[in-house]
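As stored in query04.cif (mmCIF, C-alpha atoms):
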data_protein
loop_
_atom_site.label_atom_id
_atom_site.label_comp_id
_atom_site.auth_asym_id
_atom_site.auth_seq_id
_atom_site.Cartn_x
_atom_site.Cartn_y
_atom_site.Cartn_z
CA MET C 744 7.55 21.00 -2.41
CA LYS C 745 5.49 21.89 0.63
CA ILE C 746 2.30 19.83 0.59
CA ASN C 747 -1.01 21.42 1.59
CA ASP C 748 -4.70 21.08 0.74
CA ASP C 749 -4.61 23.54 -2.18
CA ILE C 750 -1.59 21.89 -3.83
CA ILE C 751 -3.17 18.45 -3.49
CA LYS C 752 -6.45 19.64 -5.04
CA GLU C 753 -4.46 21.07 -7.95
CA LEU C 754 -2.55 17.78 -8.40
CA MET C 755 -5.83 15.80 -8.44
CA LEU C 756 -7.59 17.94 -11.08
CA PRO C 757 -6.07 16.28 -14.20
CA PHE C 758 -7.29 12.87 -12.99
CA GLN C 759 -10.92 13.79 -12.42
CA GLU C 760 -13.41 12.88 -15.12
CA GLU C 761 -16.67 14.55 -15.98
CA GLY C 762 -19.48 13.37 -13.70
CA GLU C 763 -17.06 11.98 -11.13
CA LYS C 764 -17.74 12.83 -7.51
CA GLU C 765 -15.33 14.89 -5.44
CA ALA C 766 -12.00 13.28 -4.68
CA TYR C 767 -11.06 12.72 -1.05
CA TYR C 768 -7.34 13.02 -0.63
CA CYS C 769 -4.74 12.19 1.97
CA TYR C 770 -1.04 11.58 2.46
CA GLY C 771 0.06 8.00 3.05
CA VAL C 772 2.92 5.54 2.98
CA VAL C 773 3.17 2.30 1.02
CA THR C 774 5.15 0.20 3.43
CA ALA C 775 7.96 -2.20 2.63
CA SER C 776 7.13 -5.90 2.59
CA VAL C 777 8.04 -8.07 5.58
CA GLY C 778 10.81 -9.66 3.51
CA LYS C 779 12.34 -6.26 2.73
CA MET C 780 12.05 -5.24 6.38
CA MET C 781 13.89 -8.36 7.50
CA LEU C 782 16.53 -7.91 4.82
CA LEU C 783 17.11 -4.20 5.40
CA GLY C 784 16.57 -4.06 9.16
CA THR C 785 16.86 -0.48 10.42
CA LEU C 786 17.17 0.79 6.84
CA ALA C 787 13.71 -0.57 5.95
CA SER C 788 12.17 2.91 6.14
CA PHE C 789 14.11 3.76 2.96
CA ALA C 790 12.09 1.06 1.16
CA ASN C 791 8.82 2.82 2.06
CA THR C 792 7.32 5.08 -0.59
CA TYR C 793 5.32 8.22 0.14
CA TYR C 794 2.15 9.12 -1.72
CA ILE C 795 -0.57 11.64 -2.10
CA LEU C 796 -3.68 9.53 -2.52
CA GLY C 797 -6.94 10.54 -4.15
CA PHE C 798 -10.11 8.47 -3.82
CA THR C 799 -13.06 9.18 -6.12
CA ASP C 800 -16.23 7.17 -6.65
CA ARG C 801 -14.47 5.41 -9.59
CA LYS C 802 -10.76 5.07 -8.78
CA ILE C 803 -7.74 5.57 -6.54
CA ILE C 804 -5.07 8.02 -7.66
CA PHE C 805 -1.50 7.39 -6.45
CA ILE C 806 0.96 10.29 -6.77
CA ARG C 807 4.36 9.06 -5.57
CA LEU C 808 6.70 11.58 -4.00
CA ASP C 809 10.47 11.38 -3.90
CA MET C 810 12.58 12.02 -0.79
CA LEU C 811 12.36 15.78 -1.38
CA GLY C 812 8.57 15.78 -1.75
CA LYS C 813 8.62 16.24 -5.52
CA ILE C 814 6.37 14.20 -7.80
CA ALA C 815 8.14 11.03 -8.94
CA ASP C 816 5.30 9.03 -10.54
CA LYS C 817 1.52 8.91 -11.01
CA THR C 818 -0.74 5.85 -11.21
CA VAL C 819 -4.50 5.33 -11.33
CA VAL C 820 -6.25 2.12 -10.23
CA THR C 821 -9.93 1.79 -11.05
CA TYR C 822 -12.12 -0.04 -8.54
CA ASP C 823 -12.84 -2.87 -11.01
CA LYS C 824 -9.13 -3.79 -10.68
CA ILE C 825 -9.48 -4.18 -6.89
CA LYS C 826 -10.53 -7.51 -5.40
CA ASN C 827 -10.91 -6.40 -1.78
CA VAL C 828 -9.85 -3.87 0.82
CA LYS C 829 -9.21 -4.50 4.51
CA ILE C 830 -9.21 -1.52 6.84
CA SER C 831 -7.75 -1.68 10.33
CA GLY C 832 -6.53 0.67 13.03
CA TRP C 833 -2.87 1.54 13.17
CA PHE C 834 -0.52 2.53 15.98
CA PHE C 835 -2.87 3.14 18.92
CA GLY C 836 -5.51 4.96 16.89
CA MET C 837 -3.05 7.31 15.17
CA GLY C 838 -4.33 6.30 11.73
CA LYS C 839 -5.50 3.49 9.50
CA LYS C 840 -3.95 0.64 7.56
CA LEU C 841 -5.49 -0.13 4.19
CA ASN C 842 -4.60 -3.50 2.69
CA ILE C 843 -5.69 -3.45 -0.93
CA ARG C 844 -5.66 -6.68 -2.93
CA LEU C 845 -5.89 -6.31 -6.69
CA VAL C 846 -7.56 -8.79 -9.04
CA ASP C 847 -4.13 -10.05 -10.14
CA ASN C 848 -3.51 -10.94 -6.43
CA SER C 849 -0.84 -8.27 -5.98
CA LYS C 850 -1.34 -6.10 -2.94
CA VAL C 851 -0.73 -2.59 -1.74
CA ASN C 852 -0.37 -1.89 1.99
CA LEU C 853 -0.97 1.72 2.97
CA LYS C 854 -0.51 3.45 6.31
CA ILE C 855 -2.34 6.74 6.67
CA ASN C 856 -2.00 8.98 9.71
CA LYS C 857 -5.04 10.87 10.97
CA MET C 858 -3.01 14.07 11.26
CA THR C 859 -0.44 15.35 8.77
CA VAL C 860 1.26 18.73 8.86
CA GLY C 861 -0.07 21.03 6.14
CA ILE C 862 -3.08 18.88 5.22
CA HIS C 863 -5.98 20.20 7.27
CA LYS C 864 -8.57 17.80 5.82
CA GLN C 865 -6.50 14.64 6.43
CA LYS C 866 -8.58 13.31 9.35
CA GLU C 867 -11.93 14.27 7.81
CA ASN C 868 -11.00 12.76 4.44
CA LEU C 869 -9.61 9.57 6.01
CA ILE C 870 -12.99 8.93 7.67
CA LYS C 871 -14.82 9.52 4.35
CA ILE C 872 -12.33 7.33 2.45
CA CYS C 873 -12.76 4.43 4.89
CA ASP C 874 -16.56 4.74 4.76
CA MET C 875 -16.54 4.79 0.96
CA LEU C 876 -14.23 1.77 0.71
CA LYS C 877 -16.31 -0.18 3.27
CA ASP C 878 -19.42 0.50 1.17
CA LYS C 879 -17.70 -0.60 -2.05
CA PHE C 880 -15.88 -3.69 -0.78
CA ASN C 881 -17.76 -4.86 2.32
CA ASP C 882 -19.59 -7.59 0.40
CA LYS C 883 -16.56 -8.87 -1.55
#

Rewrite the structure of this file - the entire thing - as structure tokens.
Amino acid sequence: MKINDDIIKELMLPFQEEGEKEAYYCYGVVTASVGKMMLLGTLASFANTYYILGFTDRKIIFIRLDMLGKIADKTVVTYDKIKNVKISGWFFGMGKKLNIRLVDNSKVNLKINKMTVGIHKQKENLIKICDMLKDKFNDK
């Protein structure tokens, strides 16, 4: 499946609820843990999972893609299940790292590039996503 803005908007529609603000979307990678990286070495990239991510004013939508870019799984995490979010720069300003800690103390580490082929709003949405998450979790 070739990913572009229109396809992502279509994928996000079933997750949006009435009264919910527009979803900002992007393409990102949930990276392998340090332990997996050490164990797998150069094969560690195969432990990474690729996602289309949607951020609304109420939740984060994770749509996992398989190696061929087809939908493999879908998950929704509401903001009340998130304890905190740390945002930092990644790879010389090429994108952002989002470290999300859930209330059960599990964590999700995302890497999101500013530019992604086919997704024209990636950079614009990444800025809006980071601003929204800073507003929601800055005081936690």

Check: Could you pull the residues within 7 Å of Ile855 in chain C, counting only C-alpha atoms, minus those fewer than 5 positions along the same chain, as an MDAnalysis selection string?
Finding: chainID C and resid 770:772 838:840

Item checked: Separation of CA of Ile795 in chain C from CA of Asn868 in chain C in Å ->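 If I compute the distance from CA of Asn868 in chain C to CA of Ile795 in chain C, I get 12.4 Å.
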
Selection under test: the PyMOL selection byres ((chain C and resi 831) around 12); residues as a PDB file with C-alpha atoms, in the frame of the given file:
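Heads up, here's the output in expr-v3.pdb:
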ATOM      1  CA  VAL C 828      -9.850  -3.870   0.820  1.00  0.00           C
ATOM      2  CA  LYS C 829      -9.210  -4.500   4.510  1.00  0.00           C
ATOM      3  CA  ILE C 830      -9.210  -1.520   6.840  1.00  0.00           C
ATOM      4  CA  GLY C 832      -6.530   0.670  13.030  1.00  0.00           C
ATOM      5  CA  TRP C 833      -2.870   1.540  13.170  1.00  0.00           C
ATOM      6  CA  PHE C 834      -0.520   2.530  15.980  1.00  0.00           C
ATOM      7  CA  PHE C 835      -2.870   3.140  18.920  1.00  0.00           C
ATOM      8  CA  GLY C 836      -5.510   4.960  16.890  1.00  0.00           C
ATOM      9  CA  MET C 837      -3.050   7.310  15.170  1.00  0.00           C
ATOM     10  CA  GLY C 838      -4.330   6.300  11.730  1.00  0.00           C
ATOM     11  CA  LYS C 839      -5.500   3.490   9.500  1.00  0.00           C
ATOM     12  CA  LYS C 840      -3.950   0.640   7.560  1.00  0.00           C
ATOM     13  CA  LEU C 841      -5.490  -0.130   4.190  1.00  0.00           C
ATOM     14  CA  ASN C 842      -4.600  -3.500   2.690  1.00  0.00           C
ATOM     15  CA  ILE C 843      -5.690  -3.450  -0.930  1.00  0.00           C
ATOM     16  CA  ASN C 852      -0.370  -1.890   1.990  1.00  0.00           C
ATOM     17  CA  LEU C 853      -0.970   1.720   2.970  1.00  0.00           C
ATOM     18  CA  LYS C 854      -0.510   3.450   6.310  1.00  0.00           C
ATOM     19  CA  ILE C 855      -2.340   6.740   6.670  1.00  0.00           C
ATOM     20  CA  CYS C 873     -12.760   4.430   4.890  1.00  0.00           C
ATOM     21  CA  LYS C 877     -16.310  -0.180   3.270  1.00  0.00           C
TER      22      LYS C 877
END

Checklist line | Target residues per the PyMOL selection byres ((chain C and resi 847) around 12), formatted as a list of chain:residue names | finding: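 On this input, the PyMOL selection byres ((chain C and resi 847) around 12) captures C:Asp823, C:Lys824, C:Ile825, C:Lys826, C:Asn827, C:Ile843, C:Arg844, C:Leu845, C:Val846, C:Asn848, C:Ser849, C:Lys850, C:Val851.
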
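Shell of Val860 in chain C at 12 Å, with only C-alpha atoms counted and residues fewer than 4 places along the chain excluded, is Lys745, Ile746, Asn747, Asp748, Cys769, Tyr770, Asn856, Lys864, Gln865 and Lys866 of chain C.
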
Next item on the list: Name the residues captured by the PyMOL selection byres ((chain C and resi 807) around 7) when it is applied to the shown file; answer as a ChimeraX atom specification.
Entry: /C:793-795,805-806,808-809,814-817

Notebook entry, point to check: Neighbours of range 757-767 of chain C within 8 Å (only C-alpha atoms; same-chain residues fewer than 5 positions away dropped), as a list of chain:residue names?
Noted result: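 After dropping sequence-adjacent residues, the list is C:Gly797, C:Phe798, C:Thr799, C:Asp800, C:Arg801, C:Ile804, C:Asn868, C:Leu869, C:Lys871, C:Ile872.
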
Next item on the list: Rounded to one decimal place, report the CA of Met858 in chain C-CA of Asp749 in chain C distance in Å.
Entry: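 Between CA of Met858 in chain C and CA of Asp749 in chain C the gap is 16.5 Å.
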
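Note that the spacing between CA of Ile803 in chain C and CA of Tyr768 in chain C amounts to 9.5 Å.
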
Take every atom of range 803-812 of chain C listed in the file, pad by 4 Å on each side, and give me the axis-aligned box centre and edge lengths in Å, one decimal, as AutoDock Vina command-line options.
--center_x 2.4 --center_y 10.7 --center_z -4.2 --size_x 28.3 --size_y 18.2 --size_z 14.9
